[in-house]
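Q: Contents of final-v7.pdb (PDB, C-alpha atoms):
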ATOM      1  CA  MET A   1       0.000   0.000   0.000  1.00  0.00           C
ATOM      2  CA  GLU A   2       1.262   3.476  -0.905  1.00  0.00           C
ATOM      3  CA  PHE A   3       2.101   5.301   2.330  1.00  0.00           C
ATOM      4  CA  TYR A   4       1.873   8.816   0.891  1.00  0.00           C
ATOM      5  CA  THR A   5      -1.180  10.528  -0.571  1.00  0.00           C
ATOM      6  CA  ASP A   6      -1.227  12.453  -3.848  1.00  0.00           C
ATOM      7  CA  SER A   7      -1.296  15.775  -1.996  1.00  0.00           C
ATOM      8  CA  GLN A   8       1.694  14.790   0.120  1.00  0.00           C
ATOM      9  CA  ARG A   9       3.543  13.740  -3.022  1.00  0.00           C
ATOM     10  CA  HIS A  10       2.760  17.085  -4.651  1.00  0.00           C
ATOM     11  CA  ILE A  11       4.336  19.053  -1.786  1.00  0.00           C
ATOM     12  CA  GLN A  12       7.319  16.674  -1.710  1.00  0.00           C
ATOM     13  CA  GLN A  13       7.881  17.486  -5.362  1.00  0.00           C
ATOM     14  CA  GLN A  14       7.549  21.190  -4.625  1.00  0.00           C
ATOM     15  CA  PHE A  15      10.356  21.030  -2.059  1.00  0.00           C
ATOM     16  CA  ASP A  16      12.438  18.385  -3.856  1.00  0.00           C
ATOM     17  CA  SER A  17      12.087  15.974  -0.935  1.00  0.00           C
ATOM     18  CA  LYS A  18      10.581  12.955  -2.702  1.00  0.00           C
ATOM     19  CA  PRO A  19      13.825  10.887  -2.638  1.00  0.00           C
ATOM     20  CA  LEU A  20      14.171  11.571   1.091  1.00  0.00           C
ATOM     21  CA  ALA A  21      10.524  10.777   1.743  1.00  0.00           C
ATOM     22  CA  ASP A  22      10.882   7.546  -0.225  1.00  0.00           C
ATOM     23  CA  ARG A  23      13.983   6.520   1.701  1.00  0.00           C
ATOM     24  CA  LEU A  24      12.311   7.184   5.056  1.00  0.00           C
ATOM     25  CA  GLY A  25       9.171   5.382   3.994  1.00  0.00           C
ATOM     26  CA  GLU A  26      11.227   2.366   2.974  1.00  0.00           C
ATOM     27  CA  THR A  27      13.423   2.223   6.069  1.00  0.00           C
ATOM     28  CA  ILE A  28      11.564   3.498   9.157  1.00  0.00           C
ATOM     29  CA  VAL A  29       7.851   3.117   8.397  1.00  0.00           C
ATOM     30  CA  THR A  30       6.571  -0.368   9.186  1.00  0.00           C
ATOM     31  CA  GLU A  31       3.149  -1.987   9.262  1.00  0.00           C
ATOM     32  CA  GLU A  32       3.880  -3.798  12.513  1.00  0.00           C
ATOM     33  CA  VAL A  33       5.052  -2.901  16.000  1.00  0.00           C
ATOM     34  CA  ASN A  34       8.567  -4.170  16.661  1.00  0.00           C
ATOM     35  CA  GLU A  35      10.325  -4.650  20.008  1.00  0.00           C
ATOM     36  CA  LEU A  36      11.719  -1.101  20.087  1.00  0.00           C
ATOM     37  CA  HIS A  37       8.299   0.368  19.336  1.00  0.00           C
ATOM     38  CA  GLN A  38       6.638  -1.816  21.948  1.00  0.00           C
ATOM     39  CA  GLY A  39       9.054  -0.929  24.723  1.00  0.00           C
ATOM     40  CA  PHE A  40       8.548   2.779  24.142  1.00  0.00           C
ATOM     41  CA  ILE A  41       4.771   2.616  23.682  1.00  0.00           C
ATOM     42  CA  GLU A  42       4.156   0.510  26.775  1.00  0.00           C
ATOM     43  CA  SER A  43       6.349   2.759  28.929  1.00  0.00           C
ATOM     44  CA  ARG A  44       4.115   5.789  28.265  1.00  0.00           C
ATOM     45  CA  ASP A  45       1.422   6.990  30.658  1.00  0.00           C
ATOM     46  CA  PHE A  46      -0.167   9.327  28.115  1.00  0.00           C
ATOM     47  CA  PHE A  47      -0.561   9.794  24.385  1.00  0.00           C
ATOM     48  CA  PHE A  48      -2.362  12.049  21.937  1.00  0.00           C
ATOM     49  CA  LEU A  49      -5.219  10.512  19.966  1.00  0.00           C
ATOM     50  CA  SER A  50      -6.555  11.945  16.714  1.00  0.00           C
ATOM     51  CA  THR A  51      -9.912  10.871  15.312  1.00  0.00           C
ATOM     52  CA  VAL A  52     -12.274  12.104  12.616  1.00  0.00           C
ATOM     53  CA  ASN A  53     -16.059  12.061  12.486  1.00  0.00           C
ATOM     54  CA  GLY A  54     -18.325  11.204   9.593  1.00  0.00           C
ATOM     55  CA  ARG A  55     -18.383  14.837   8.468  1.00  0.00           C
ATOM     56  CA  GLY A  56     -14.614  14.779   8.049  1.00  0.00           C
ATOM     57  CA  GLU A  57     -14.043  16.972  11.112  1.00  0.00           C
ATOM     58  CA  PRO A  58     -10.930  15.963  13.088  1.00  0.00           C
ATOM     59  CA  THR A  59     -10.282  16.253  16.788  1.00  0.00           C
ATOM     60  CA  VAL A  60      -7.253  15.527  18.969  1.00  0.00           C
ATOM     61  CA  SER A  61      -7.498  14.323  22.551  1.00  0.00           C
ATOM     62  CA  TYR A  62      -4.983  13.832  25.344  1.00  0.00           C
ATOM     63  CA  LYS A  63      -5.316  10.374  26.895  1.00  0.00           C
ATOM     64  CA  GLY A  64      -3.665   9.779  30.251  1.00  0.00           C
ATOM     65  CA  GLY A  65      -3.431   6.954  32.756  1.00  0.00           C
ATOM     66  CA  ALA A  66      -0.878   4.689  34.363  1.00  0.00           C
ATOM     67  CA  PRO A  67       2.274   3.509  32.554  1.00  0.00           C
ATOM     68  CA  GLY A  68       1.229   0.819  30.130  1.00  0.00           C
ATOM     69  CA  LEU A  69      -1.856   2.786  29.130  1.00  0.00           C
ATOM     70  CA  VAL A  70      -1.529   1.304  25.636  1.00  0.00           C
ATOM     71  CA  THR A  71      -0.893  -2.435  25.450  1.00  0.00           C
ATOM     72  CA  VAL A  72       0.652  -4.145  22.435  1.00  0.00           C
ATOM     73  CA  LEU A  73      -1.086  -7.516  22.177  1.00  0.00           C
ATOM     74  CA  ASP A  74       0.812  -8.566  19.068  1.00  0.00           C
ATOM     75  CA  PRO A  75       2.713  -6.813  16.258  1.00  0.00           C
ATOM     76  CA  LYS A  76      -0.551  -5.800  14.543  1.00  0.00           C
ATOM     77  CA  THR A  77      -2.831  -5.173  17.533  1.00  0.00           C
ATOM     78  CA  ILE A  78      -2.952  -2.539  20.273  1.00  0.00           C
ATOM     79  CA  ILE A  79      -5.569  -1.786  22.912  1.00  0.00           C
ATOM     80  CA  PHE A  80      -6.238   1.156  25.211  1.00  0.00           C
ATOM     81  CA  PRO A  81      -9.015   2.139  27.639  1.00  0.00           C
ATOM     82  CA  SER A  82     -11.602   4.896  27.669  1.00  0.00           C
ATOM     83  CA  TYR A  83     -12.047   6.215  31.201  1.00  0.00           C
ATOM     84  CA  ASP A  84     -14.818   8.358  32.647  1.00  0.00           C
ATOM     85  CA  GLY A  85     -14.787  11.801  31.047  1.00  0.00           C
ATOM     86  CA  ASN A  86     -17.118  14.678  30.330  1.00  0.00           C
ATOM     87  CA  GLY A  87     -19.762  12.512  28.683  1.00  0.00           C
ATOM     88  CA  MET A  88     -19.234  13.937  25.185  1.00  0.00           C
ATOM     89  CA  PHE A  89     -17.536  10.759  23.864  1.00  0.00           C
ATOM     90  CA  LEU A  90     -16.060  12.633  20.904  1.00  0.00           C
ATOM     91  CA  SER A  91     -13.146  10.256  20.345  1.00  0.00           C
ATOM     92  CA  MET A  92     -15.137   7.083  20.988  1.00  0.00           C
ATOM     93  CA  GLY A  93     -18.010   8.241  18.785  1.00  0.00           C
ATOM     94  CA  ASN A  94     -15.618   9.151  15.984  1.00  0.00           C
ATOM     95  CA  ILE A  95     -13.914   5.767  16.190  1.00  0.00           C
ATOM     96  CA  ALA A  96     -17.269   4.000  16.063  1.00  0.00           C
ATOM     97  CA  GLU A  97     -18.188   6.068  13.002  1.00  0.00           C
ATOM     98  CA  THR A  98     -15.018   6.124  10.885  1.00  0.00           C
ATOM     99  CA  ALA A  99     -12.499   3.788  12.607  1.00  0.00           C
ATOM    100  CA  ASN A 100      -9.460   5.834  11.511  1.00  0.00           C
ATOM    101  CA  ILE A 101      -7.129   6.963  14.304  1.00  0.00           C
ATOM    102  CA  GLY A 102      -3.695   8.496  14.733  1.00  0.00           C
ATOM    103  CA  LEU A 103      -1.608   8.142  17.884  1.00  0.00           C
ATOM    104  CA  LEU A 104       1.358  10.212  19.013  1.00  0.00           C
ATOM    105  CA  PHE A 105       3.536   8.890  21.845  1.00  0.00           C
ATOM    106  CA  ILE A 106       6.008  11.397  23.306  1.00  0.00           C
ATOM    107  CA  ASP A 107       8.749  11.303  25.902  1.00  0.00           C
ATOM    108  CA  PHE A 108       9.262  14.972  26.751  1.00  0.00           C
ATOM    109  CA  GLU A 109      12.230  14.305  29.033  1.00  0.00           C
ATOM    110  CA  THR A 110      14.535  12.421  26.661  1.00  0.00           C
ATOM    111  CA  PRO A 111      12.954  13.533  24.169  1.00  0.00           C
ATOM    112  CA  ASN A 112      11.609  10.953  21.738  1.00  0.00           C
ATOM    113  CA  ARG A 113       8.377  10.134  19.903  1.00  0.00           C
ATOM    114  CA  ILE A 114       6.509   7.530  17.872  1.00  0.00           C
ATOM    115  CA  ARG A 115       3.707   8.104  15.407  1.00  0.00           C
ATOM    116  CA  MET A 116       1.107   5.485  14.544  1.00  0.00           C
ATOM    117  CA  GLN A 117      -1.907   5.136  12.283  1.00  0.00           C
ATOM    118  CA  ALA A 118      -4.446   2.422  12.943  1.00  0.00           C
ATOM    119  CA  THR A 119      -7.947   1.179  12.234  1.00  0.00           C
ATOM    120  CA  ALA A 120      -9.935   0.832  15.431  1.00  0.00           C
ATOM    121  CA  GLN A 121     -13.168  -0.340  16.991  1.00  0.00           C
ATOM    122  CA  VAL A 122     -14.806   0.473  20.316  1.00  0.00           C
ATOM    123  CA  VAL A 123     -15.907  -2.482  22.437  1.00  0.00           C
ATOM    124  CA  ASP A 124     -17.592  -2.776  25.823  1.00  0.00           C
ATOM    125  CA  ASN A 125     -17.420  -6.526  26.398  1.00  0.00           C
ATOM    126  CA  ASP A 126     -13.799  -7.319  25.585  1.00  0.00           C
ATOM    127  CA  PRO A 127     -12.088  -9.538  28.217  1.00  0.00           C
ATOM    128  CA  GLU A 128      -9.028  -7.277  27.942  1.00  0.00           C
ATOM    129  CA  LEU A 129     -11.027  -4.564  29.771  1.00  0.00           C
ATOM    130  CA  GLU A 130      -9.895  -6.300  32.958  1.00  0.00           C
ATOM    131  CA  ARG A 131      -6.417  -4.880  32.353  1.00  0.00           C
ATOM    132  CA  TYR A 132      -7.780  -1.391  33.029  1.00  0.00           C
ATOM    133  CA  PRO A 133      -9.753  -1.036  36.283  1.00  0.00           C
ATOM    134  CA  GLY A 134     -12.242   1.814  36.013  1.00  0.00           C
ATOM    135  CA  ALA A 135     -12.371   1.789  32.200  1.00  0.00           C
ATOM    136  CA  GLN A 136     -15.789   2.184  30.564  1.00  0.00           C
ATOM    137  CA  LEU A 137     -14.809   1.045  27.082  1.00  0.00           C
ATOM    138  CA  LEU A 138     -11.874  -0.512  25.283  1.00  0.00           C
ATOM    139  CA  VAL A 139     -10.414   0.455  21.926  1.00  0.00           C
ATOM    140  CA  ARG A 140      -8.939  -2.420  19.957  1.00  0.00           C
ATOM    141  CA  ALA A 141      -6.953  -1.295  16.917  1.00  0.00           C
ATOM    142  CA  ARG A 142      -5.153  -2.850  13.948  1.00  0.00           C
ATOM    143  CA  VAL A 143      -1.808  -1.157  13.311  1.00  0.00           C
ATOM    144  CA  ASP A 144      -1.533   0.258   9.783  1.00  0.00           C
ATOM    145  CA  SER A 145       1.782   2.123  10.106  1.00  0.00           C
ATOM    146  CA  VAL A 146       4.214   3.038  12.873  1.00  0.00           C
ATOM    147  CA  PHE A 147       7.551   4.833  12.994  1.00  0.00           C
ATOM    148  CA  PHE A 148       9.951   6.728  15.219  1.00  0.00           C
ATOM    149  CA  ASN A 149       9.847  10.417  14.362  1.00  0.00           C
ATOM    150  CA  CYS A 150      12.516  13.120  14.573  1.00  0.00           C
ATOM    151  CA  ALA A 151      12.468  14.687  18.054  1.00  0.00           C
ATOM    152  CA  ARG A 152      14.678  17.737  17.499  1.00  0.00           C
ATOM    153  CA  LEU A 153      11.875  20.306  18.020  1.00  0.00           C
ATOM    154  CA  ILE A 154      10.381  18.645  21.098  1.00  0.00           C
ATOM    155  CA  HIS A 155      10.928  20.995  24.021  1.00  0.00           C
ATOM    156  CA  LYS A 156      12.287  19.249  27.104  1.00  0.00           C
ATOM    157  CA  HIS A 157       9.965  19.150  30.119  1.00  0.00           C
ATOM    158  CA  HIS A 158      10.415  17.517  33.489  1.00  0.00           C
ATOM    159  CA  ARG A 159       7.533  15.683  35.155  1.00  0.00           C
ATOM    160  CA  THR A 160       6.487  17.001  38.552  1.00  0.00           C
ATOM    161  CA  GLU A 161       3.850  14.459  39.532  1.00  0.00           C
ATOM    162  CA  ALA A 162       1.309  12.039  38.103  1.00  0.00           C
ATOM    163  CA  SER A 163      -2.348  13.007  37.944  1.00  0.00           C
ATOM    164  CA  PRO A 164      -4.275  12.010  41.094  1.00  0.00           C
ATOM    165  CA  TYR A 165      -7.186  11.069  38.828  1.00  0.00           C
ATOM    166  CA  VAL A 166      -5.504   7.974  37.368  1.00  0.00           C
ATOM    167  CA  PRO A 167      -7.760   5.075  38.475  1.00  0.00           C
ATOM    168  CA  ASP A 168      -6.266   2.931  41.200  1.00  0.00           C
ATOM    169  CA  THR A 169      -6.174  -0.858  41.265  1.00  0.00           C
ATOM    170  CA  ASP A 170      -9.916  -1.149  41.987  1.00  0.00           C
ATOM    171  CA  GLY A 171     -10.845   1.509  39.438  1.00  0.00           C
ATOM    172  CA  SER A 172     -11.728   4.262  41.910  1.00  0.00           C
ATOM    173  CA  THR A 173     -10.705   7.876  41.293  1.00  0.00           C
ATOM    174  CA  PRO A 174     -11.301  11.220  43.071  1.00  0.00           C
ATOM    175  CA  TYR A 175     -14.471  13.153  42.221  1.00  0.00           C
ATOM    176  CA  PRO A 176     -13.461  15.864  39.723  1.00  0.00           C
ATOM    177  CA  SER A 177     -14.233  19.517  40.372  1.00  0.00           C
ATOM    178  CA  TRP A 178     -16.037  20.031  37.073  1.00  0.00           C
ATOM    179  CA  LYS A 179     -18.797  17.696  38.250  1.00  0.00           C
ATOM    180  CA  ARG A 180     -19.522  20.230  41.021  1.00  0.00           C
ATOM    181  CA  ILE A 181     -20.381  23.073  38.582  1.00  0.00           C
ATOM    182  CA  ASP A 182     -23.873  24.366  39.316  1.00  0.00           C
ATOM    183  CA  PHE A 183     -25.406  24.299  35.829  1.00  0.00           C
ATOM    184  CA  LEU A 184     -24.350  20.670  35.285  1.00  0.00           C
ATOM    185  CA  GLN A 185     -25.980  19.151  38.353  1.00  0.00           C
ATOM    186  CA  ASP A 186     -29.242  18.014  36.786  1.00  0.00           C
ATOM    187  CA  ALA A 187     -27.441  16.721  33.664  1.00  0.00           C
ATOM    188  CA  LEU A 188     -24.891  14.494  35.413  1.00  0.00           C
ATOM    189  CA  ARG A 189     -25.112  10.741  35.110  1.00  0.00           C
ATOM    190  CA  PRO A 190     -27.318   9.258  37.869  1.00  0.00           C
ATOM    191  CA  ASP A 191     -24.374   7.794  39.796  1.00  0.00           C
ATOM    192  CA  ASP A 192     -22.704  11.229  39.895  1.00  0.00           C
ATOM    193  CA  GLN A 193     -25.709  13.266  40.983  1.00  0.00           C
ATOM    194  CA  GLY A 194     -25.759  14.405  44.609  1.00  0.00           C
ATOM    195  CA  GLN A 195     -22.044  13.813  45.167  1.00  0.00           C
ATOM    196  CA  ALA A 196     -21.112  17.494  44.944  1.00  0.00           C
ATOM    197  CA  ASP A 197     -22.402  18.079  48.469  1.00  0.00           C
ATOM    198  CA  ASP A 198     -20.000  15.440  49.787  1.00  0.00           C
ATOM    199  CA  GLU A 199     -17.071  16.992  47.910  1.00  0.00           C
ATOM    200  CA  GLY A 200     -17.290  20.564  49.204  1.00  0.00           C
ATOM    201  CA  GLY A 201     -20.516  21.704  47.593  1.00  0.00           C
ATOM    202  CA  VAL A 202     -21.665  23.084  44.259  1.00  0.00           C
ATOM    203  CA  ILE A 203     -19.452  25.711  42.602  1.00  0.00           C
ATOM    204  CA  THR A 204     -19.919  28.300  39.870  1.00  0.00           C
ATOM    205  CA  ILE A 205     -18.187  28.208  36.515  1.00  0.00           C
ATOM    206  CA  GLU A 206     -16.058  31.148  37.684  1.00  0.00           C
ATOM    207  CA  GLU A 207     -14.940  29.200  40.738  1.00  0.00           C
ATOM    208  CA  TYR A 208     -14.102  26.225  38.535  1.00  0.00           C
ATOM    209  CA  ALA A 209     -12.094  28.459  36.197  1.00  0.00           C
ATOM    210  CA  ALA A 210     -10.137  29.706  39.215  1.00  0.00           C
ATOM    211  CA  LYS A 211      -9.409  26.111  40.216  1.00  0.00           C
ATOM    212  CA  LEU A 212      -8.140  25.384  36.700  1.00  0.00           C
ATOM    213  CA  ALA A 213      -5.900  28.432  36.779  1.00  0.00           C
ATOM    214  CA  ALA A 214      -4.482  27.247  40.090  1.00  0.00           C
ATOM    215  CA  GLY A 215      -3.913  23.726  38.803  1.00  0.00           C
ATOM    216  CA  ASP A 216      -6.625  22.286  41.023  1.00  0.00           C
ATOM    217  CA  SER A 217      -9.059  20.546  38.685  1.00  0.00           C
TER     218      SER A 217
END
Could the structure of this file be written out as structure tokens, please?
A:
Amino acid sequence: MEFYTDSQRHIQQQFDSKPLADRLGETIVTEEVNELHQGFIESRDFFFLSTVNGRGEPTVSYKGGAPGLVTVLDPKTIIFPSYDGNGMFLSMGNIAETANIGLLFIDFETPNRIRMQATAQVVDNDPELERYPGAQLLVRARVDSVFFNCARLIHKHHRTEASPYVPDTDGSTPYPSWKRIDFLQDALRPDDQGQADDEGGVITIEEYAAKLAAGDS
């Protein structure tokens, strides 16, 4: 299968980079996850996920969790969880509709990165869900292409701490502040309604914005 599209080829020709693009496509782009890919991917506790809906509108989402958030089951198959979020299910809905995803794995401290394209499905009864306590859904994806990508423009950052909202071994996680916002109370899922009072009370959107600015979400 041709890795590049016609539009990509056109711009390569414009900048006289087709021989370089061909060489990279032949040498670093693979259709399977190898041992080096797997070690890097499974050491990450976050990644960026791109999806596209049926109208052709893309979105990119940050996905975080514990190290090993993405599991490589075999050279052609990866899985990752969908945890409780804001109820919009943009990424999961897009996957269910079009199946095409892109994943970007980054180590900001080294730095290093891997890019992947895959064809995915969303499942709610997969036995592999047991790997991820607290997950609502599982994404199971077939790897289409994967490659290490130049990291020279990745700015170095040092981790300060992991998010306290990563589900623990029994799947429990702290109640997030956004679920305490006043205008959301009657729209929350049934199991979330009424919990705001136990978590310090209902807050306004302005108070939530102040929490965000202070790093207390």
Q: Excluding same-chain residues fewer than 5 positions from segment 21-36 of chain A, what lies within 7 Å of it counting all atoms listed in the file, as a list in words?
A: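 Result of the neighbour search: Pro75, Lys76, Val143, Asp144, Ser145, Val146 and Phe147 of chain A.
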Q: Can you work out the spacing between atom CA of Asp45 of chain A and atom CA of Val60 of chain A in Å, to one decimal?
A: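 Pair atom CA of Asp45 of chain A / atom CA of Val60 of chain A returns 16.9 Å.
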Q: Mind giving me the straight-line distance from atom CA of Gly68 of chain A to atom CA of Ser43 of chain A in Å, one decimal?
A: 5.6 Å
Q: Counting only C-alpha atoms, which residue out of A:Arg9, A:Arg55, A:Arg140, A:Lys18 sits closest to Thr71 of chain A?
A: A:Arg140
Q: For Ser91 of chain A, which residue among A:Thr51, A:Thr173, A:Thr204, A:Thr77 is the nearest when counting all atoms listed in the file?
A: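 Smallest distance to Ser91 of chain A is found for A:Thr51.
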Q: With distances taken over all atoms listed in the file, which residue among A:Ala118, A:Leu104, A:Leu73, A:Val139 lies nearest Phe48 of chain A?
A: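 When distances to Phe48 of chain A are compared using all atoms listed in the file, the smallest one comes from A:Leu104.
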Q: Exactly which residues make up the result of the PyMOL selection byres ((chain A and resi 199) around 12) on this file, given as a VMD selection string?
A: chain A and resid 174 to 181 192 to 198 200 to 203
Q: Evaluating the PyMOL selection byres ((chain A and resi 53) around 8) on the displayed file yields which residues, as a list in words?
A: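 For this structure, the PyMOL selection byres ((chain A and resi 53) around 8) resolves to Thr51, Val52, Gly54, Arg55, Gly56, Glu57, Pro58, Gly93, Asn94, Ile95, Glu97 and Thr98 of chain A.
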Q: With C-alpha atoms kept, could you save the residues just selected as a PDB file, in the frame of the given file?
A:
ATOM      1  CA  THR A  51      -9.912  10.871  15.312  1.00  0.00           C
ATOM      2  CA  VAL A  52     -12.274  12.104  12.616  1.00  0.00           C
ATOM      3  CA  GLY A  54     -18.325  11.204   9.593  1.00  0.00           C
ATOM      4  CA  ARG A  55     -18.383  14.837   8.468  1.00  0.00           C
ATOM      5  CA  GLY A  56     -14.614  14.779   8.049  1.00  0.00           C
ATOM      6  CA  GLU A  57     -14.043  16.972  11.112  1.00  0.00           C
ATOM      7  CA  PRO A  58     -10.930  15.963  13.088  1.00  0.00           C
ATOM      8  CA  GLY A  93     -18.010   8.241  18.785  1.00  0.00           C
ATOM      9  CA  ASN A  94     -15.618   9.151  15.984  1.00  0.00           C
ATOM     10  CA  ILE A  95     -13.914   5.767  16.190  1.00  0.00           C
ATOM     11  CA  GLU A  97     -18.188   6.068  13.002  1.00  0.00           C
ATOM     12  CA  THR A  98     -15.018   6.124  10.885  1.00  0.00           C
TER      13      THR A  98
END
